[in-house]
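Below is the file input-v9.txt, which contains compact mmCIF, C-alpha atoms.
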# COMPACT_ATOMS: atom_id res chain seq x y z
CA MET T 12 -23.85 44.18 4.38
CA GLN T 13 -21.51 41.93 2.44
CA VAL T 14 -18.92 39.40 3.53
CA THR T 15 -16.57 37.05 1.70
CA ILE T 16 -16.88 33.33 2.46
CA ASN T 17 -14.19 30.98 1.18
CA GLY T 18 -13.18 33.48 -1.45
CA GLU T 19 -16.71 34.17 -2.71
CA PRO T 20 -18.64 37.42 -1.99
CA ARG T 21 -21.95 36.87 -0.23
CA PRO T 22 -24.54 39.50 0.76
CA LEU T 23 -26.23 39.26 4.16
CA ASP T 24 -29.74 40.63 4.65
CA GLN T 25 -29.10 41.49 8.28
CA PRO T 26 -26.31 41.54 10.88
CA MET T 27 -25.62 38.14 12.37
CA SER T 28 -23.16 36.18 14.46
CA VAL T 29 -20.86 33.44 13.23
CA GLU T 30 -23.20 30.91 14.84
CA ALA T 31 -26.19 32.31 12.97
CA LEU T 32 -24.25 32.34 9.71
CA LEU T 33 -23.33 28.66 10.03
CA ALA T 34 -26.95 27.81 10.80
CA SER T 35 -28.13 29.76 7.76
CA LEU T 36 -25.66 27.83 5.59
CA GLY T 37 -26.86 24.50 7.00
CA LEU T 38 -23.44 23.68 8.46
CA ASP T 39 -22.82 21.69 11.64
CA ALA T 40 -20.69 23.93 13.84
CA ARG T 41 -19.15 20.86 15.48
CA LYS T 42 -17.57 19.73 12.21
CA VAL T 43 -15.98 22.94 10.93
CA ALA T 44 -13.50 25.62 11.90
CA VAL T 45 -13.94 29.31 11.16
CA GLU T 46 -11.36 31.99 10.48
CA ARG T 47 -12.45 35.64 10.43
CA ASN T 48 -10.06 38.14 8.87
CA ARG T 49 -7.24 35.57 9.26
CA GLU T 50 -7.96 35.12 12.97
CA ILE T 51 -9.42 31.84 14.22
CA VAL T 52 -12.79 32.18 15.95
CA PRO T 53 -12.90 29.76 18.93
CA ARG T 54 -15.91 27.45 18.70
CA GLY T 55 -17.14 28.58 22.09
CA ARG T 56 -17.39 32.18 20.85
CA TYR T 57 -19.40 31.64 17.66
CA ALA T 58 -22.57 33.04 19.23
CA GLU T 59 -20.92 36.21 20.54
CA THR T 60 -18.81 36.96 17.47
CA ASP T 61 -20.74 39.36 15.25
CA LEU T 62 -19.89 39.77 11.60
CA GLY T 63 -19.04 43.15 10.14
CA ASP T 64 -19.34 44.53 6.64
CA GLY T 65 -16.36 43.45 4.57
CA ASP T 66 -15.35 40.54 6.81
CA ALA T 67 -13.45 37.74 5.10
CA LEU T 68 -14.30 34.26 6.39
CA GLU T 69 -12.74 30.87 5.82
CA ILE T 70 -14.85 27.86 6.79
CA VAL T 71 -12.96 24.58 6.60
CA HIS T 72 -13.38 20.91 7.45
CA PHE T 73 -11.44 17.68 7.09
CA ILE T 74 -11.41 15.80 3.82
CA GLY T 75 -9.75 12.63 2.62
CA GLY T 76 -6.11 13.51 2.13
CA GLY T 77 -3.09 13.35 2.57
CA ALA T 78 -10.13 1.36 13.97
CA PRO T 79 -8.09 -1.48 14.33
CA ASP T 80 -9.61 -4.50 12.58
CA THR T 81 -11.25 -6.38 15.43
CA ALA T 82 -11.56 -9.51 13.27
CA ALA T 83 -7.82 -10.08 13.56
CA PRO T 84 -6.41 -9.17 17.00
CA PRO T 85 -2.72 -8.29 17.16
CA ARG T 86 -0.33 -11.18 17.64
CA ALA T 87 2.01 -11.31 20.61
CA GLU T 88 5.09 -10.53 18.52
CA ASP T 89 3.48 -7.32 17.26
CA ALA T 90 2.15 -6.13 20.61
CA GLU T 91 5.15 -3.83 21.18
CA GLY T 92 3.78 -1.25 18.73
CA PHE T 93 5.48 2.11 18.52
CA THR T 94 5.15 5.23 20.63
CA VAL T 95 4.92 8.79 19.35
CA ALA T 96 4.28 11.87 21.48
CA GLY T 97 3.54 9.65 24.48
CA ARG T 98 0.90 7.54 22.73
CA THR T 99 1.43 3.90 21.78
CA PHE T 100 -0.08 2.40 18.64
CA THR T 101 -0.21 -1.28 17.77
CA SER T 102 -0.29 -0.81 14.00
CA ARG T 103 2.88 0.45 12.35
CA LEU T 104 0.97 1.29 9.16
CA LEU T 105 -0.40 4.81 8.79
CA VAL T 106 -2.68 5.56 5.85
CA GLY T 107 -4.01 8.56 4.02
CA THR T 108 -7.66 9.13 3.20
CA GLY T 109 -7.47 10.74 -0.24
CA LYS T 110 -7.92 9.57 -3.85
CA TYR T 111 -10.58 6.95 -3.17
CA LYS T 112 -13.71 6.84 -5.32
CA ASP T 113 -15.90 7.67 -2.33
CA PHE T 114 -15.92 7.77 1.46
CA GLU T 115 -17.36 4.26 1.71
CA GLU T 116 -14.33 2.82 -0.07
CA THR T 117 -12.09 4.97 2.11
CA ALA T 118 -13.60 3.49 5.27
CA ARG T 119 -13.37 -0.11 3.99
CA ALA T 120 -9.73 0.30 2.96
CA ILE T 121 -8.73 1.78 6.30
CA GLU T 122 -10.40 -1.06 8.15
CA ALA T 123 -8.64 -3.65 5.97
CA SER T 124 -5.28 -1.96 6.55
CA GLY T 125 -5.57 -2.23 10.33
CA ALA T 126 -4.26 1.34 10.62
CA GLU T 127 -5.00 3.34 13.74
CA ILE T 128 -3.68 6.69 12.48
CA VAL T 129 -5.13 8.32 9.36
CA THR T 130 -3.96 11.54 7.73
CA VAL T 131 -6.57 14.14 6.82
CA ALA T 132 -6.35 17.34 4.82
CA VAL T 133 -7.96 20.65 5.72
CA ARG T 134 -10.04 22.23 2.94
CA ARG T 135 -12.78 24.78 2.48
CA VAL T 136 -16.35 23.67 3.11
CA ASN T 137 -18.61 23.69 0.05
CA VAL T 138 -21.03 26.30 1.37
CA SER T 139 -23.15 25.98 -1.79
CA ASP T 140 -24.04 22.39 -0.87
CA PRO T 141 -23.68 21.81 2.89
CA THR T 142 -25.45 18.44 2.57
CA GLN T 143 -22.40 16.85 0.96
CA PRO T 144 -21.01 14.00 3.10
CA MET T 145 -17.99 14.65 5.29
CA LEU T 146 -15.13 12.32 6.11
CA MET T 147 -16.11 12.30 9.78
CA ASP T 148 -19.39 10.64 8.83
CA TYR T 149 -17.48 7.58 7.58
CA VAL T 150 -14.18 7.55 9.47
CA ASP T 151 -14.97 8.12 13.14
CA PRO T 152 -12.36 10.32 14.88
CA LYS T 153 -13.34 8.62 18.15
CA VAL T 154 -12.13 5.30 16.71
CA TYR T 155 -9.18 6.45 14.61
CA THR T 156 -6.51 9.01 15.44
CA TYR T 157 -6.84 11.85 12.94
CA LEU T 158 -3.49 13.26 11.86
CA PRO T 159 -4.14 16.64 10.20
CA ASN T 160 -1.55 17.42 7.55
CA THR T 161 -0.52 20.39 5.45
CA ALA T 162 -0.81 18.74 2.03
CA GLY T 163 -0.65 21.38 -0.68
CA CYS T 164 1.20 23.99 1.40
CA PHE T 165 4.24 25.60 -0.21
CA THR T 166 5.12 28.14 2.50
CA ALA T 167 5.69 27.93 6.23
CA ASP T 168 3.02 30.56 6.88
CA ASP T 169 0.35 28.59 4.99
CA ALA T 170 1.31 25.39 6.83
CA VAL T 171 1.09 27.02 10.26
CA ARG T 172 -2.22 28.69 9.42
CA THR T 173 -3.66 25.40 8.17
CA LEU T 174 -2.73 23.45 11.28
CA ARG T 175 -4.05 26.12 13.61
CA LEU T 176 -7.39 25.81 11.82
CA ALA T 177 -7.16 22.03 12.10
CA ARG T 178 -6.64 22.25 15.84
CA GLU T 179 -9.69 24.48 16.15
CA ALA T 180 -11.80 22.12 14.03
CA GLY T 181 -10.95 18.95 15.91
CA GLY T 182 -8.80 19.79 18.91
CA TRP T 183 -5.84 17.69 17.75
CA ASP T 184 -2.31 18.84 18.47
CA LEU T 185 -0.54 15.81 16.95
CA VAL T 186 -0.02 16.90 13.33
CA LYS T 187 1.92 16.07 10.20
CA LEU T 188 3.90 18.94 8.72
CA GLU T 189 4.88 19.04 5.08
CA VAL T 190 6.02 22.15 3.22
CA LEU T 191 6.51 21.41 -0.46
CA GLY T 192 9.10 22.90 -2.76
CA ASP T 193 7.48 22.59 -6.19
CA GLN T 194 4.58 20.98 -8.04
CA LYS T 195 6.71 18.64 -10.15
CA THR T 196 8.56 16.70 -7.44
CA LEU T 197 6.62 17.61 -4.27
CA TYR T 198 9.97 17.39 -2.51
CA PRO T 199 10.08 19.14 0.86
CA ASP T 200 11.31 22.72 1.04
CA MET T 201 13.59 22.25 4.03
CA PRO T 202 14.22 25.92 4.95
CA GLU T 203 10.45 26.52 5.05
CA THR T 204 9.96 23.22 6.89
CA PHE T 205 12.40 24.31 9.62
CA LYS T 206 10.62 27.66 9.90
CA ALA T 207 7.17 26.07 10.17
CA ALA T 208 8.31 23.40 12.63
CA GLU T 209 9.79 26.03 14.94
CA ALA T 210 6.57 28.07 14.93
CA LEU T 211 4.31 25.06 15.47
CA ILE T 212 6.38 23.60 18.31
CA LYS T 213 6.41 27.00 20.00
CA ASP T 214 2.62 27.04 19.63
CA GLY T 215 2.25 23.71 21.46
CA PHE T 216 1.89 21.32 18.51
CA LYS T 217 3.43 17.85 18.46
CA VAL T 218 4.97 17.77 15.03
CA MET T 219 5.56 14.72 12.86
CA VAL T 220 7.54 16.09 9.94
CA TYR T 221 7.90 15.05 6.29
CA CYS T 222 11.46 15.71 5.17
CA ASN T 223 14.14 14.70 2.70
CA ASP T 224 16.40 11.71 3.32
CA ASP T 225 19.19 13.78 4.89
CA PRO T 226 20.44 12.52 8.29
CA ILE T 227 21.76 15.98 9.22
CA ALA T 228 18.41 17.65 8.55
CA ALA T 229 16.65 14.86 10.43
CA LYS T 230 18.84 15.39 13.49
CA ARG T 231 18.20 19.12 13.43
CA LEU T 232 14.43 18.53 13.30
CA GLU T 233 14.68 16.21 16.29
CA GLU T 234 16.72 18.78 18.22
CA MET T 235 14.05 21.40 17.47
CA GLY T 236 11.47 19.19 19.17
CA CYS T 237 9.74 17.26 16.38
CA VAL T 238 8.19 14.05 17.72
CA SER T 239 8.71 11.96 14.58
CA ILE T 240 10.91 12.16 11.49
CA MET T 241 9.27 11.09 8.21
CA PRO T 242 11.80 10.90 5.36
CA LEU T 243 10.50 10.27 1.86
CA GLY T 244 11.07 6.90 0.25
CA SER T 245 10.68 8.58 -3.13
CA MET T 246 8.44 11.25 -4.64
CA ILE T 247 4.88 11.51 -3.30
CA GLY T 248 2.52 9.33 -5.33
CA SER T 249 5.31 8.02 -7.57
CA GLY T 250 5.33 4.37 -6.52
CA LEU T 251 9.08 4.25 -7.13
CA GLY T 252 9.79 2.55 -3.82
CA ILE T 253 12.74 3.16 -1.50
CA ILE T 254 15.31 4.96 -3.66
CA ASN T 255 17.92 5.60 -0.97
CA PRO T 256 17.78 2.85 1.66
CA VAL T 257 21.25 3.74 3.00
CA ASN T 258 20.17 7.22 4.07
CA ILE T 259 16.91 5.94 5.55
CA ARG T 260 18.94 3.55 7.69
CA LEU T 261 21.35 6.36 8.67
CA ILE T 262 18.44 8.53 9.77
CA LYS T 263 17.13 5.69 11.93
CA GLU T 264 20.57 5.38 13.54
CA THR T 265 20.92 9.16 13.96
CA VAL T 266 17.69 10.13 15.74
CA SER T 267 15.96 8.69 18.79
CA VAL T 268 12.38 9.68 17.91
CA PRO T 269 10.27 7.38 15.70
CA VAL T 270 11.22 7.28 12.01
CA LEU T 271 8.48 6.54 9.50
CA VAL T 272 8.99 6.24 5.75
CA ASP T 273 6.55 8.63 4.12
CA ALA T 274 5.76 8.68 0.40
CA GLY T 275 6.78 6.78 -2.69
CA VAL T 276 6.01 3.14 -1.88
CA GLY T 277 3.97 1.39 -4.53
CA CYS T 278 3.51 -2.22 -3.51
CA ALA T 279 3.78 -4.58 -0.56
CA SER T 280 7.43 -5.45 -1.24
CA ASP T 281 8.35 -1.73 -0.99
CA VAL T 282 6.75 -1.62 2.44
CA ALA T 283 8.58 -4.76 3.56
CA VAL T 284 11.89 -3.27 2.37
CA ALA T 285 11.21 -0.11 4.40
CA MET T 286 10.39 -2.08 7.53
CA GLU T 287 13.47 -4.29 7.13
CA LEU T 288 15.56 -1.11 7.42
CA GLY T 289 14.39 -0.91 11.03
CA VAL T 290 12.06 2.09 10.69
CA ASP T 291 9.16 2.36 13.10
CA GLY T 292 6.44 2.48 10.47
CA VAL T 293 5.29 3.45 7.00
CA LEU T 294 2.78 6.08 5.89
CA LEU T 295 1.15 5.65 2.48
CA ASN T 296 -1.94 6.59 0.52
CA THR T 297 -1.73 6.29 -3.27
CA ALA T 298 -0.35 2.74 -3.15
CA ILE T 299 -3.69 1.61 -1.72
CA ALA T 300 -6.12 4.12 -3.24
CA GLY T 301 -4.56 3.80 -6.69
CA ALA T 302 -4.60 -0.02 -6.76
CA LYS T 303 -7.09 -1.89 -8.94
CA ASP T 304 -8.45 -3.47 -5.77
CA PRO T 305 -7.82 -1.01 -2.90
CA ILE T 306 -9.30 -3.25 -0.21
CA ARG T 307 -7.12 -6.21 -1.12
CA MET T 308 -4.05 -3.95 -1.41
CA ALA T 309 -4.78 -2.48 2.02
CA ARG T 310 -4.63 -5.96 3.51
CA ALA T 311 -1.42 -6.68 1.58
CA MET T 312 0.18 -3.55 3.03
CA ARG T 313 -0.86 -4.58 6.53
CA LEU T 314 0.78 -7.97 6.11
CA ALA T 315 3.89 -6.42 4.52
CA VAL T 316 4.43 -4.16 7.53
CA GLU T 317 4.16 -7.17 9.85
CA ALA T 318 6.45 -9.33 7.68
CA GLY T 319 9.06 -6.60 7.30
CA ARG T 320 9.10 -5.89 11.01
CA LEU T 321 9.47 -9.57 11.89
CA SER T 322 12.25 -9.93 9.30
CA TYR T 323 14.10 -6.98 10.83
CA LEU T 324 13.73 -8.35 14.36
CA ALA T 325 14.83 -11.83 13.25
CA GLY T 326 18.04 -10.53 11.67
CA ARG T 327 18.85 -11.53 8.11
CA MET T 328 21.54 -14.00 7.13
CA PRO T 329 24.88 -12.45 6.08
CA LYS T 330 25.49 -11.92 2.38
CA LYS T 331 28.28 -14.03 0.87
CA ARG T 332 30.29 -13.84 -2.31
CA TYR T 333 29.94 -17.55 -3.09
CA ALA T 334 27.42 -20.34 -2.74
CA ASP T 335 27.04 -22.20 0.54
CA PRO T 336 25.08 -25.50 0.30
CA SER T 337 22.12 -25.97 2.62
CA SER T 338 22.70 -29.72 2.96
CA PRO T 339 25.91 -31.10 4.52
CA LEU T 340 28.42 -32.68 2.10
CA ALA T 341 29.49 -35.38 4.56
CA GLY T 342 27.97 -38.81 3.86
CA LEU T 343 27.34 -38.24 0.16
CA ILE T 344 26.77 -41.47 -1.80
Write the structure described by the file as structure tokens, please.
Amino acid sequence: MQVTINGEPRPLDQPMSVEALLASLGLDARKVAVERNREIVPRGRYAETDLGDGDALEIVHFIGGGAPDTAAPPRAEDAEGFTVAGRTFTSRLLVGTGKYKDFEETARAIEASGAEIVTVAVRRVNVSDPTQPMLMDYVDPKVYTYLPNTAGCFTADDAVRTLRLAREAGGWDLVKLEVLGDQKTLYPDMPETFKAAEALIKDGFKVMVYCNDDPIAAKRLEEMGCVSIMPLGSMIGSGLGIINPVNIRLIKETVSVPVLVDAGVGCASDVAVAMELGVDGVLLNTAIAGAKDPIRMARAMRLAVEAGRLSYLAGRMPKKRYADPSSPLAGLI
């Protein structure tokens, strides 16, 4: 008999179950999710699910994509954290796990950032070399909150399918939805985003959603049931910073769920600017992974989030049209 695994035809010498197939491939069933003929196979049914001739299988796992640092405990002024989907996190910095030179650097950068939530992408397992390291071996999902995302999805159907597989692989229902419009800008396709969000929420997911910087669209996503709105600062991976701070601020004033700037920041000052707008947090990846020294940049981003938040809470001085001396003029010699 013959089956197709991750798009590649593969002959089988004898009938076997999904469990037996994974064992024959040298894959740890606890670290993957399996789809058979576009239907997810629950992990508890691997042994009883027999393969048939012509079956098409997708075997996926989490990769770098799209623990708090115990050496520096949170300060009292930062203890408020932010709450999303009923869970409170101390760190307001969320980081991606892609684009690093290896998983060891990924783990070191995440630790330096102080992030508690990390985004992960769902991709096919390399069945030709099952000994390749997996993200879970370096970034412990028992220590960090994995946030599966739909990076690379350009349709609502692909996004929904991806997150259903992610839930099967790790059991997480808190997810990040992004449905992209084109390869050049990676701007969100909002009609497809609305469609995917509706399907995922109906299916029991808690959806944090990447969207454009439109307050009306943000409000609609909140009304649909999304647990967090994540407007772009600028194009994904561009490092252009916060292009439209006015709309980001309007979104924060329009919705009651957490607002996190997602995409486009390039340096620590961009992060501070975002936080000074009053948003609840910032999600970034390339700004750290693409730096000459990712570990040092991760620490800089951590400090920028804290500084920007404190600046917002402190309340900035009013802007004036003319100079105003710091020292009193009375008593001049």
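Using all atoms listed in the file, the residues found no farther than 12 Å from Lys213 (chain T), other than those of its own chain fewer than 4 positions away, are Val171, Lys206, Ala207, Ala208, Glu209, Lys217, Val218, Met235, Gly236 and Cys237 of chain T.
Neighbours of Cys164 (chain T) closer than or equal to 8 Å, with all atoms listed in the file counted and sequence neighbours fewer than 3 positions away skipped, come out as Thr161, Ala167, Asp169, Ala170, Glu189, Val190 and Leu191 of chain T.
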Filtering to C-alpha atoms, could you give me those residues as a PDB file, keeping the file's coordinate frame?
ATOM      1  CA  THR T 161      -0.520  20.390   5.450  1.00  0.00           C
ATOM      2  CA  ALA T 167       5.690  27.930   6.230  1.00  0.00           C
ATOM      3  CA  ASP T 169       0.350  28.590   4.990  1.00  0.00           C
ATOM      4  CA  ALA T 170       1.310  25.390   6.830  1.00  0.00           C
ATOM      5  CA  GLU T 189       4.880  19.040   5.080  1.00  0.00           C
ATOM      6  CA  VAL T 190       6.020  22.150   3.220  1.00  0.00           C
ATOM      7  CA  LEU T 191       6.510  21.410  -0.460  1.00  0.00           C
TER       8      LEU T 191
END
Closest contacts (region 138-188 of chain T/region 30-45 of chain T, max 12 Å, only C-alpha atoms) as CSV:
residue,atom,partner,partner_atom,distance
T:Val138,CA,T:Leu36,CA,6.4
T:Ser139,CA,T:Leu36,CA,8.0
T:Asp140,CA,T:Leu36,CA,8.6
T:Pro141,CA,T:Gly37,CA,5.9
T:Thr142,CA,T:Gly37,CA,7.6
T:Gln143,CA,T:Leu38,CA,10.2
T:Pro144,CA,T:Lys42,CA,11.3
T:Met145,CA,T:Lys42,CA,8.6
T:Leu146,CA,T:Lys42,CA,9.9
T:Met147,CA,T:Lys42,CA,8.0
T:Asp148,CA,T:Lys42,CA,9.9
T:Asp151,CA,T:Lys42,CA,11.9
T:Pro152,CA,T:Lys42,CA,11.1
T:Arg172,CA,T:Val45,CA,11.9
T:Thr173,CA,T:Ala44,CA,10.5
T:Leu174,CA,T:Ala44,CA,11.0
T:Arg175,CA,T:Ala44,CA,9.6
T:Leu176,CA,T:Ala44,CA,6.1
T:Ala177,CA,T:Ala44,CA,7.3
T:Arg178,CA,T:Ala44,CA,8.6
T:Glu179,CA,T:Ala44,CA,5.8
T:Ala180,CA,T:Ala44,CA,4.4
T:Gly181,CA,T:Lys42,CA,7.6
T:Gly182,CA,T:Ala44,CA,10.3
**Fill in**
One residue among T:Ala67, T:Val29, T:Ile16, T:Cys222 is nearest to Arg54 (chain T) when using all atoms listed in the file, and that residue is T:Val29
Which residues are close to region 98-112 of chain T, i.e. within 10 Å by only C-alpha atoms, leaving aside same-chain residues fewer than 5 positions away? Reply as a tab-separated table (two decimals) with C-alpha atoms, in the frame of the given file.
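Dumped everything to result_30.tsv:
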chain	number	residue	atom	x	y	z
T	74	ILE	CA	-11.41	15.80	3.82
T	75	GLY	CA	-9.75	12.63	2.62
T	76	GLY	CA	-6.11	13.51	2.13
T	77	GLY	CA	-3.09	13.35	2.57
T	79	PRO	CA	-8.09	-1.48	14.33
T	85	PRO	CA	-2.72	-8.29	17.16
T	86	ARG	CA	-0.33	-11.18	17.64
T	89	ASP	CA	3.48	-7.32	17.26
T	90	ALA	CA	2.15	-6.13	20.61
T	91	GLU	CA	5.15	-3.83	21.18
T	92	GLY	CA	3.78	-1.25	18.73
T	93	PHE	CA	5.48	2.11	18.52
T	117	THR	CA	-12.09	4.97	2.11
T	118	ALA	CA	-13.60	3.49	5.27
T	120	ALA	CA	-9.73	0.30	2.96
T	121	ILE	CA	-8.73	1.78	6.30
T	124	SER	CA	-5.28	-1.96	6.55
T	125	GLY	CA	-5.57	-2.23	10.33
T	126	ALA	CA	-4.26	1.34	10.62
T	127	GLU	CA	-5.00	3.34	13.74
T	128	ILE	CA	-3.68	6.69	12.48
T	129	VAL	CA	-5.13	8.32	9.36
T	130	THR	CA	-3.96	11.54	7.73
T	131	VAL	CA	-6.57	14.14	6.82
T	132	ALA	CA	-6.35	17.34	4.82
T	146	LEU	CA	-15.13	12.32	6.11
T	150	VAL	CA	-14.18	7.55	9.47
T	156	THR	CA	-6.51	9.01	15.44
T	157	TYR	CA	-6.84	11.85	12.94
T	158	LEU	CA	-3.49	13.26	11.86
T	160	ASN	CA	-1.55	17.42	7.55
T	271	LEU	CA	8.48	6.54	9.50
T	272	VAL	CA	8.99	6.24	5.75
T	273	ASP	CA	6.55	8.63	4.12
T	282	VAL	CA	6.75	-1.62	2.44
T	286	MET	CA	10.39	-2.08	7.53
T	290	VAL	CA	12.06	2.09	10.69
T	291	ASP	CA	9.16	2.36	13.10
T	292	GLY	CA	6.44	2.48	10.47
T	293	VAL	CA	5.29	3.45	7.00
T	294	LEU	CA	2.78	6.08	5.89
T	295	LEU	CA	1.15	5.65	2.48
T	296	ASN	CA	-1.94	6.59	0.52
T	297	THR	CA	-1.73	6.29	-3.27
T	298	ALA	CA	-0.35	2.74	-3.15
T	299	ILE	CA	-3.69	1.61	-1.72
T	300	ALA	CA	-6.12	4.12	-3.24
T	301	GLY	CA	-4.56	3.80	-6.69
T	302	ALA	CA	-4.60	-0.02	-6.76
T	305	PRO	CA	-7.82	-1.01	-2.90
T	309	ALA	CA	-4.78	-2.48	2.02
T	312	MET	CA	0.18	-3.55	3.03
T	313	ARG	CA	-0.86	-4.58	6.53
T	314	LEU	CA	0.78	-7.97	6.11
T	315	ALA	CA	3.89	-6.42	4.52
T	316	VAL	CA	4.43	-4.16	7.53
T	317	GLU	CA	4.16	-7.17	9.85
T	320	ARG	CA	9.10	-5.89	11.01
